$ cat input_1.csv   # CSV, C-alpha atoms
chain,number,residue,atom,x,y,z
A,1,MET,CA,40.7,105.4,104.9
A,2,ALA,CA,39.2,105.8,108.4
A,3,ALA,CA,40.9,104.2,111.3
A,4,GLY,CA,37.8,102.6,112.6
A,5,PRO,CA,36.4,102.5,116.2
A,6,TRP,CA,39.6,101.0,117.6
A,7,GLY,CA,41.9,103.5,116.0
A,8,TRP,CA,45.2,102.5,114.4
A,9,GLY,CA,46.5,100.9,117.6
A,10,PRO,CA,45.9,97.2,116.7
A,11,ALA,CA,47.4,97.6,113.2
A,12,VAL,CA,50.5,99.3,114.5
A,13,ALA,CA,50.9,96.6,117.2
A,14,VAL,CA,50.7,93.9,114.6
A,15,LEU,CA,53.2,95.7,112.4
A,16,LEU,CA,55.6,96.1,115.3
A,17,LEU,CA,55.3,92.4,116.2
A,18,VAL,CA,56.1,91.4,112.6
A,19,LEU,CA,59.1,93.7,112.5
A,20,PHE,CA,60.3,92.4,115.9
A,21,ALA,CA,60.0,88.8,114.7
A,22,LEU,CA,61.9,89.6,111.6
A,23,LEU,CA,64.7,91.2,113.6
A,24,LEU,CA,65.0,88.3,116.0
A,25,GLY,CA,64.8,85.4,113.5
A,26,GLY,CA,65.0,86.9,110.1
A,27,ALA,CA,68.8,86.6,109.7
A,28,ARG,CA,68.7,82.9,110.3
A,29,ARG,CA,66.0,82.4,107.6
A,30,LEU,CA,67.5,84.7,105.0
A,31,ARG,CA,68.6,82.8,101.9
A,32,ARG,CA,71.5,84.1,99.8
A,33,LEU,CA,69.7,86.6,97.6
A,34,THR,CA,70.9,88.4,94.5
A,35,VAL,CA,68.3,90.3,92.6
A,36,ALA,CA,69.8,91.8,89.5
A,37,CYS,CA,69.4,92.9,85.9
A,38,GLY,CA,71.3,94.8,83.3
A,39,ALA,CA,75.1,94.4,83.9
A,40,CYS,CA,74.6,91.7,86.6
A,41,ALA,CA,71.9,89.6,85.0
A,42,ASP,CA,74.3,86.9,83.7
A,43,LEU,CA,76.9,86.9,86.5
A,44,ARG,CA,77.0,83.1,86.6
A,45,GLY,CA,77.1,82.3,82.9
A,46,ARG,CA,78.9,85.2,81.3
A,47,ALA,CA,81.7,84.1,79.0
A,48,GLY,CA,85.0,84.9,80.6
A,49,GLY,CA,83.4,85.8,83.9
A,50,VAL,CA,82.9,89.1,85.6
A,51,ARG,CA,86.0,91.0,86.6
A,52,ALA,CA,84.8,93.5,89.1
A,53,LEU,CA,86.6,96.5,90.5
A,54,LEU,CA,85.5,98.1,93.8
A,55,VAL,CA,86.7,101.7,93.8
A,56,THR,CA,86.8,103.1,97.4
A,57,ALA,CA,88.1,106.2,99.0
A,58,HIS,CA,89.6,104.9,102.3
A,59,PRO,CA,90.7,101.6,103.9
A,60,ASP,CA,87.6,100.3,105.7
A,61,ASP,CA,85.1,101.4,103.0
A,62,GLU,CA,85.2,97.9,101.5
A,63,ALA,CA,83.9,96.4,104.8
A,64,MET,CA,81.9,99.3,106.2
A,65,PHE,CA,79.8,99.9,103.1
A,66,PHE,CA,80.5,97.3,100.4
A,67,ALA,CA,80.9,93.9,102.1
A,68,PRO,CA,77.5,92.6,100.8
A,69,THR,CA,78.5,93.5,97.2
A,70,VAL,CA,82.0,91.9,97.5
A,71,LEU,CA,80.7,88.7,99.1
A,72,GLY,CA,77.7,88.6,96.8
A,73,LEU,CA,79.9,88.9,93.7
A,74,GLY,CA,82.2,86.2,95.0
A,75,ARG,CA,79.2,84.0,95.6
A,76,ALA,CA,78.1,84.5,92.0
A,77,GLY,CA,81.5,83.5,90.7
A,78,ALA,CA,82.9,87.0,89.9
A,79,ARG,CA,86.5,87.9,90.5
A,80,ALA,CA,86.7,91.1,92.6
A,81,ALA,CA,89.5,93.5,93.1
A,82,VAL,CA,89.8,96.6,95.2
A,83,LEU,CA,91.2,100.0,94.2
A,84,CYS,CA,91.5,102.2,97.3
A,85,CYS,CA,92.2,105.8,96.3
A,86,SER,CA,93.9,107.0,99.5
A,87,ALA,CA,95.8,105.5,102.4
A,88,GLY,CA,93.4,107.0,104.9
A,89,ASN,CA,96.2,109.1,106.4
A,90,TYR,CA,94.0,111.8,108.0
A,91,TYR,CA,95.4,111.0,111.4
A,92,ASN,CA,98.8,109.9,110.1
A,93,GLN,CA,97.8,106.2,110.2
A,94,GLY,CA,98.3,105.5,106.6
A,95,GLU,CA,100.7,102.6,106.8
A,96,ILE,CA,98.7,100.9,109.6
A,97,ARG,CA,95.5,101.3,107.6
A,98,LYS,CA,97.0,99.8,104.4
A,99,LYS,CA,97.8,96.6,106.4
A,100,GLU,CA,94.3,96.6,107.9
A,101,LEU,CA,92.9,96.9,104.4
A,102,GLU,CA,94.7,93.8,103.2
A,103,GLN,CA,93.6,91.8,106.2
A,104,SER,CA,90.0,92.9,105.7
A,105,CYS,CA,90.0,92.1,102.0
A,106,LEU,CA,91.4,88.7,102.6
A,107,LEU,CA,88.5,87.9,104.8
A,108,LEU,CA,86.1,89.1,102.1
A,109,GLY,CA,87.8,86.8,99.5
A,110,VAL,CA,90.0,89.4,97.8
A,111,PRO,CA,93.8,88.4,98.0
A,112,ALA,CA,96.4,91.1,98.6
A,113,SER,CA,97.6,90.8,95.0
A,114,ASP,CA,94.2,92.2,94.0
A,115,VAL,CA,94.3,95.2,96.4
A,116,THR,CA,95.8,98.5,95.2
A,117,VAL,CA,96.2,101.7,97.2
A,118,ILE,CA,96.7,105.0,95.6
A,119,ASP,CA,98.7,107.2,97.9
A,120,HIS,CA,98.9,110.6,96.1
A,121,ARG,CA,99.4,113.9,97.8
A,122,ASP,CA,96.6,115.4,95.7
A,123,LEU,CA,94.1,112.7,96.9
A,124,PRO,CA,94.2,113.3,100.6
A,125,ASP,CA,91.9,111.6,103.1
A,126,ASN,CA,89.9,114.7,104.1
A,127,PRO,CA,86.1,114.9,104.5
A,128,SER,CA,86.1,118.5,103.3
A,129,VAL,CA,88.3,118.0,100.1
A,130,GLU,CA,86.8,117.2,96.8
A,131,TRP,CA,89.3,115.3,94.7
A,132,ASP,CA,90.3,116.4,91.3
A,133,THR,CA,88.1,114.6,88.8
A,134,GLN,CA,90.6,114.4,85.9
A,135,LEU,CA,93.4,113.1,88.1
A,136,LEU,CA,91.1,110.5,89.8
A,137,ALA,CA,89.5,109.5,86.5
A,138,ALA,CA,93.0,108.9,85.0
A,139,TYR,CA,94.1,106.6,87.8
A,140,VAL,CA,90.8,104.6,87.8
A,141,LEU,CA,90.8,104.2,84.0
A,142,LYS,CA,94.4,103.1,83.9
A,143,HIS,CA,93.6,100.4,86.5
A,144,ILE,CA,90.5,99.3,84.6
A,145,GLU,CA,92.4,98.9,81.3
A,146,ALA,CA,95.4,97.2,82.9
A,147,ASN,CA,93.3,94.6,84.6
A,148,ASN,CA,90.6,94.0,81.9
A,149,ILE,CA,87.8,95.1,84.3
A,150,ASN,CA,84.3,94.8,83.0
A,151,MET,CA,82.4,96.0,86.0
A,152,VAL,CA,83.1,98.9,88.4
A,153,VAL,CA,81.4,99.4,91.8
A,154,THR,CA,81.6,102.7,93.7
A,155,PHE,CA,79.6,105.2,95.7
A,156,ASP,CA,76.6,107.2,94.3
A,157,ALA,CA,76.2,111.0,94.3
A,158,GLY,CA,75.3,110.9,98.0
A,159,GLY,CA,78.4,109.0,99.0
A,160,VAL,CA,76.4,107.1,101.7
A,161,SER,CA,77.8,109.3,104.4
A,162,GLY,CA,78.1,112.5,102.4
A,163,HIS,CA,81.9,112.4,102.6
A,164,ALA,CA,83.5,114.6,99.9
A,165,ASN,CA,86.0,111.9,99.0
A,166,HIS,CA,83.3,109.3,98.4
A,167,ILE,CA,81.3,111.7,96.2
A,168,SER,CA,84.5,112.5,94.2
A,169,LEU,CA,84.7,108.8,93.2
A,170,TYR,CA,81.1,109.0,91.8
A,171,THR,CA,82.0,112.2,89.9
A,172,ALA,CA,85.0,110.6,88.4
A,173,LEU,CA,83.2,107.4,87.3
A,174,ARG,CA,80.2,109.4,86.0
A,175,TYR,CA,82.7,111.5,83.9
A,176,LEU,CA,84.3,108.4,82.5
A,177,HIS,CA,80.9,106.9,81.7
A,178,SER,CA,79.4,110.0,80.2
A,179,GLU,CA,82.4,110.7,78.1
A,180,ARG,CA,82.5,107.1,76.9
A,181,ARG,CA,86.0,106.6,78.1
A,182,LEU,CA,85.4,103.2,79.7
A,183,PRO,CA,86.2,100.1,77.7
A,184,GLU,CA,83.4,98.6,75.7
A,185,GLY,CA,81.2,96.4,77.9
A,186,CYS,CA,82.4,97.9,81.2
A,187,SER,CA,79.4,98.8,83.4
A,188,VAL,CA,79.3,100.9,86.5
A,189,LEU,CA,77.2,100.2,89.6
A,190,VAL,CA,76.8,102.8,92.3
A,191,LEU,CA,75.8,102.0,95.9
A,192,GLU,CA,72.5,103.6,96.9
A,193,SER,CA,72.5,106.2,99.7
A,194,VAL,CA,69.5,105.9,101.9
A,195,SER,CA,67.8,107.9,104.6
A,196,ILE,CA,69.3,108.0,108.1
A,197,PHE,CA,66.3,106.0,109.3
A,198,ARG,CA,66.8,103.2,106.8
A,199,LYS,CA,70.6,103.3,107.3
A,200,TYR,CA,70.3,102.1,110.9
A,201,ILE,CA,67.5,99.5,110.9
A,202,SER,CA,69.8,96.6,109.9
A,203,ILE,CA,67.8,93.7,108.4
A,204,LEU,CA,64.5,95.5,108.9
A,205,ASP,CA,65.4,97.3,105.7
A,206,VAL,CA,65.3,94.0,103.8
A,207,PRO,CA,61.6,94.2,102.7
A,208,ILE,CA,62.0,97.9,101.8
A,209,SER,CA,65.1,97.2,99.7
A,210,TYR,CA,63.4,94.2,98.1
A,211,LEU,CA,60.4,96.2,97.1
A,212,LEU,CA,62.1,99.3,95.8
A,213,PRO,CA,63.6,99.3,92.3
A,214,SER,CA,67.4,98.6,91.9
A,215,ASP,CA,69.7,97.1,89.4
A,216,ALA,CA,71.5,94.9,91.8
A,217,LEU,CA,70.6,93.8,95.3
A,218,PHE,CA,72.8,91.8,97.6
A,219,ILE,CA,71.6,90.5,101.0
A,220,LEU,CA,73.9,88.5,103.2
A,221,THR,CA,73.1,85.4,105.2
A,222,GLU,CA,73.8,85.3,108.9
A,223,GLU,CA,77.1,83.5,108.3
A,224,GLU,CA,78.1,86.0,105.7
A,225,THR,CA,77.1,88.9,107.9
A,226,GLU,CA,79.5,87.6,110.6
A,227,GLN,CA,82.2,87.4,107.9
A,228,ALA,CA,81.6,91.0,107.0
A,229,LYS,CA,81.8,92.0,110.7
A,230,ARG,CA,85.1,90.2,111.1
A,231,ALA,CA,86.4,92.1,108.1
A,232,MET,CA,85.4,95.4,109.7
A,233,ARG,CA,87.1,94.4,112.9
A,234,CYS,CA,90.3,94.1,111.0
A,235,HIS,CA,90.3,97.9,111.0
A,236,ARG,CA,91.3,98.1,114.6
A,237,SER,CA,92.7,101.7,114.3
A,238,GLN,CA,89.2,102.9,113.3
A,239,LEU,CA,87.0,101.0,115.8
A,240,LEU,CA,85.9,103.9,118.0
A,241,TRP,CA,82.8,103.4,120.1
A,242,PHE,CA,80.4,104.8,117.4
A,243,ARG,CA,81.7,102.4,114.8
A,244,HIS,CA,80.8,99.5,117.0
A,245,ILE,CA,77.3,100.8,117.0
A,246,TYR,CA,77.5,101.2,113.2
A,247,VAL,CA,78.5,97.6,112.8
A,248,LEU,CA,75.5,96.4,114.9
A,249,PHE,CA,72.8,98.5,113.3
A,250,SER,CA,73.8,99.6,109.8
A,251,ARG,CA,72.0,98.0,106.9
A,252,TYR,CA,75.2,98.3,104.9
A,253,MET,CA,76.7,95.5,106.9
A,254,VAL,CA,73.9,93.3,105.5
A,255,ILE,CA,72.3,94.9,102.4
A,256,ASN,CA,73.6,96.6,99.3
A,257,SER,CA,71.2,98.0,96.7
A,258,LEU,CA,72.9,99.4,93.6
A,259,ARG,CA,72.0,101.3,90.4
A,260,LEU,CA,73.6,101.3,87.0
A,261,LEU,CA,75.0,104.5,85.6
$ encode --input "input_1.csv" --output "structure tokens"
Amino acid sequence: MAAGPWGWGPAVAVLLLVLFALLLGGARRLRRLTVACGACADLRGRAGGVRALLVTAHPDDEAMFFAPTVLGLGRAGARAAVLCCSAGNYYNQGEIRKKELEQSCLLLGVPASDVTVIDHRDLPDNPSVEWDTQLLAAYVLKHIEANNINMVVTFDAGGVSGHANHISLYTALRYLHSERRLPEGCSVLVLESVSIFRKYISILDVPISYLLPSDALFILTEEETEQAKRAMRCHRSQLLWFRHIYVLFSRYMVINSLRLL
């Protein structure tokens, strides 16, 4: 299609104005939105309810990446628990980070009694270490069976940030799923990794996420977004300057799109 005598300038200007208006006022107008199918289709009416387990690698993952999912599941009437597979002890802050995790989860609606941390020497917090699939799968499966979990949420193959520990969680859950080791009726949702551009455009990613296919989509209201930010601020030991920027601009503080395994 030809650009016409005026070129693409007017069209681009209109698009930028629309995006700017969305950024300024969109959060106030967003309604609580859950677009789902498959395992999430009957969240509200499912007999016995949804007992969801969020499997993370480190304290702060639940707020930094999964807050829209945790809050969205709670809004839909599901009971969510968190299984964190390390204490986040890379800088010898493990005990501090465990406490921060409990505080964050409480703000997200998950009581301390539903938060479990695996602190195993063979599952170290290290961005260059891939965790043992069999060991990790055994821990996760034991927790699923002990707590009658019927939905598991974790990272996808990209791990959102490419962190080896994140990707190890996906590998373990994919193994359990492909080997049919999970209890009958237990589904697995993985958080979609997106491009660096989409990752840092905050609510401007809403229309993109809405139009692209996914099995579950959670978008927070302005009030819920502030709740997610408060949860992230509980992780005081991790709030370096670049994480403040992340909290301001990351779409994962507002939007989660997930796929079923």
$ closest_residue --input "input_1.csv" --among "A:Gln103, A:Thr69, A:Ser195, A:Asn126" --to "A:Leu217" --atoms "only C-alpha atoms"
A:Thr69
$ residues_around --input "input_1.csv" --residues "A:Ser161" --least-positions-apart "6" --cutoff "12 Å" --atoms "all atoms listed in the file" --output "PyMOL selection string"
chain A and resi 61+64-65+127+155+167+191-196+199+246+250+252
$ atom_distance --input "input_1.csv" --atom1 "atom CA of A:Arg181" --atom2 "atom CA of A:Ala138"
10.1 Å
$ closest_residue --input "input_1.csv" --among "A:Leu248, A:Pro68, A:Ala57, A:Leu106" --to "A:Val129" --atoms "all atoms listed in the file"
A:Ala57
$ closest_residue --input "input_1.csv" --among "A:Leu220, A:Leu108, A:Cys84, A:Leu173" --to "A:Leu141" --atoms "only C-alpha atoms"
A:Leu173
$ residues_near_point --input "input_1.csv" --point "(93.7, 112.2, 90.4)" --cutoff "12 Å" --atoms "only C-alpha atoms" --output "MDAnalysis selection string"
chainID A and resid 57 85:86 118:124 130:142 165 168:169 171:173
$ closest_residue --input "input_1.csv" --among "A:Cys105, A:Asn148, A:Leu83, A:Ser257" --to "A:Leu71" --atoms "only C-alpha atoms"
A:Cys105
$ atom_distance --input "input_1.csv" --atom1 "atom CA of A:Arg51" --atom2 "atom CA of A:Cys234"
25.0 Å
$ closest_residue --input "input_1.csv" --among "A:Val50, A:Arg97, A:Thr56, A:Ser104" --to "A:Ala78" --atoms "only C-alpha atoms"
A:Val50
$ closest_residue --input "input_1.csv" --among "A:Leu239, A:Met253, A:Pro183, A:Gly49" --to "A:Glu224" --atoms "only C-alpha atoms"
A:Met253
$ residues_near_point --input "input_1.csv" --point "(70.7, 95.2, 109.0)" --cutoff "6 Å" --atoms "only C-alpha atoms" --output "ChimeraX atom specification"
/A:201-203,249-251,254
$ atom_distance --input "input_1.csv" --atom1 "atom CA of A:Asp215" --atom2 "atom CA of A:Leu260"
6.2 Å
$ residues_around --input "input_1.csv" --residues "A:Val115" --least-positions-apart "6" --cutoff "7 Å" --atoms "all atoms listed in the file" --output "list in words"
Ala81, Val82, Leu83 and Glu102 of chain A
$ residues_around --input "input_1.csv" --residues "A:Val188" --least-positions-apart "4" --cutoff "12 Å" --atoms "only C-alpha atoms" --output "ChimeraX atom specification"
/A:38-40,51-55,144,149-156,169-170,172-178,180,182-184,215-216,258-261
$ build_atoms --input "input_1.csv" --residues "stretch 186-197 of chain A" --atoms "all heavy atoms" --output "short mmCIF file (atom, residue, chain, number, x, y, z; two decimals), in the frame of the given file"
data_model
loop_
_atom_site.label_atom_id
_atom_site.label_comp_id
_atom_site.auth_asym_id
_atom_site.auth_seq_id
_atom_site.Cartn_x
_atom_site.Cartn_y
_atom_site.Cartn_z
N CYS A 186 82.11 97.64 79.75
CA CYS A 186 82.40 97.90 81.20
C CYS A 186 81.24 98.69 81.77
O CYS A 186 80.98 99.82 81.36
CB CYS A 186 83.70 98.64 81.34
SG CYS A 186 84.17 98.91 83.08
N SER A 187 80.57 98.12 82.74
CA SER A 187 79.40 98.80 83.40
C SER A 187 79.84 99.35 84.73
O SER A 187 80.85 98.95 85.32
CB SER A 187 78.28 97.78 83.55
OG SER A 187 78.72 96.65 84.28
N VAL A 188 79.04 100.29 85.22
CA VAL A 188 79.30 100.90 86.50
C VAL A 188 78.08 100.83 87.38
O VAL A 188 76.98 101.24 86.98
CB VAL A 188 79.69 102.42 86.32
CG1 VAL A 188 79.96 103.06 87.69
CG2 VAL A 188 80.90 102.58 85.41
N LEU A 189 78.26 100.26 88.56
CA LEU A 189 77.20 100.20 89.60
C LEU A 189 77.55 101.10 90.73
O LEU A 189 78.70 101.10 91.20
CB LEU A 189 77.07 98.74 90.09
CG LEU A 189 76.34 97.74 89.19
CD1 LEU A 189 76.60 96.33 89.69
CD2 LEU A 189 74.84 98.01 89.18
N VAL A 190 76.56 101.87 91.18
CA VAL A 190 76.80 102.80 92.30
C VAL A 190 75.92 102.37 93.48
O VAL A 190 74.76 102.00 93.32
CB VAL A 190 76.56 104.25 91.91
CG1 VAL A 190 77.58 104.67 90.86
CG2 VAL A 190 75.15 104.48 91.39
N LEU A 191 76.50 102.45 94.67
CA LEU A 191 75.80 102.00 95.90
C LEU A 191 74.80 103.08 96.32
O LEU A 191 75.15 104.26 96.48
CB LEU A 191 76.85 101.81 97.00
CG LEU A 191 76.34 101.37 98.37
CD1 LEU A 191 75.66 100.00 98.29
CD2 LEU A 191 77.47 101.35 99.38
N GLU A 192 73.59 102.65 96.55
CA GLU A 192 72.50 103.60 96.90
C GLU A 192 72.67 104.16 98.28
O GLU A 192 72.84 103.44 99.26
CB GLU A 192 71.17 102.83 96.80
CG GLU A 192 69.97 103.68 97.14
CD GLU A 192 68.68 102.88 97.25
OE1 GLU A 192 68.75 101.63 97.34
OE2 GLU A 192 67.61 103.50 97.23
N SER A 193 72.60 105.48 98.36
CA SER A 193 72.50 106.20 99.70
C SER A 193 71.08 106.20 100.11
O SER A 193 70.19 106.48 99.31
CB SER A 193 73.06 107.60 99.54
OG SER A 193 74.42 107.62 99.18
N VAL A 194 70.85 105.89 101.36
CA VAL A 194 69.50 105.90 101.90
C VAL A 194 69.33 106.84 103.04
O VAL A 194 70.31 107.42 103.52
CB VAL A 194 69.09 104.43 102.36
CG1 VAL A 194 69.17 103.44 101.20
CG2 VAL A 194 69.99 103.99 103.52
N SER A 195 68.10 107.03 103.49
CA SER A 195 67.80 107.90 104.60
C SER A 195 68.50 107.45 105.87
O SER A 195 68.82 106.26 106.01
CB SER A 195 66.33 108.07 104.80
OG SER A 195 65.80 106.84 105.29
N ILE A 196 68.66 108.35 106.82
CA ILE A 196 69.30 108.00 108.10
C ILE A 196 68.44 106.93 108.82
O ILE A 196 68.98 106.05 109.48
CB ILE A 196 69.47 109.24 108.98
CG1 ILE A 196 70.36 108.93 110.18
CG2 ILE A 196 68.12 109.80 109.43
CD1 ILE A 196 71.81 108.77 109.84
N PHE A 197 67.14 106.97 108.65
CA PHE A 197 66.30 106.00 109.30
C PHE A 197 66.57 104.58 108.69
O PHE A 197 66.81 103.62 109.44
CB PHE A 197 64.80 106.32 109.05
CG PHE A 197 63.84 105.22 109.44
CD1 PHE A 197 63.58 104.94 110.77
CD2 PHE A 197 63.21 104.45 108.47
CE1 PHE A 197 62.71 103.92 111.14
CE2 PHE A 197 62.35 103.43 108.82
CZ PHE A 197 62.09 103.15 110.16
#
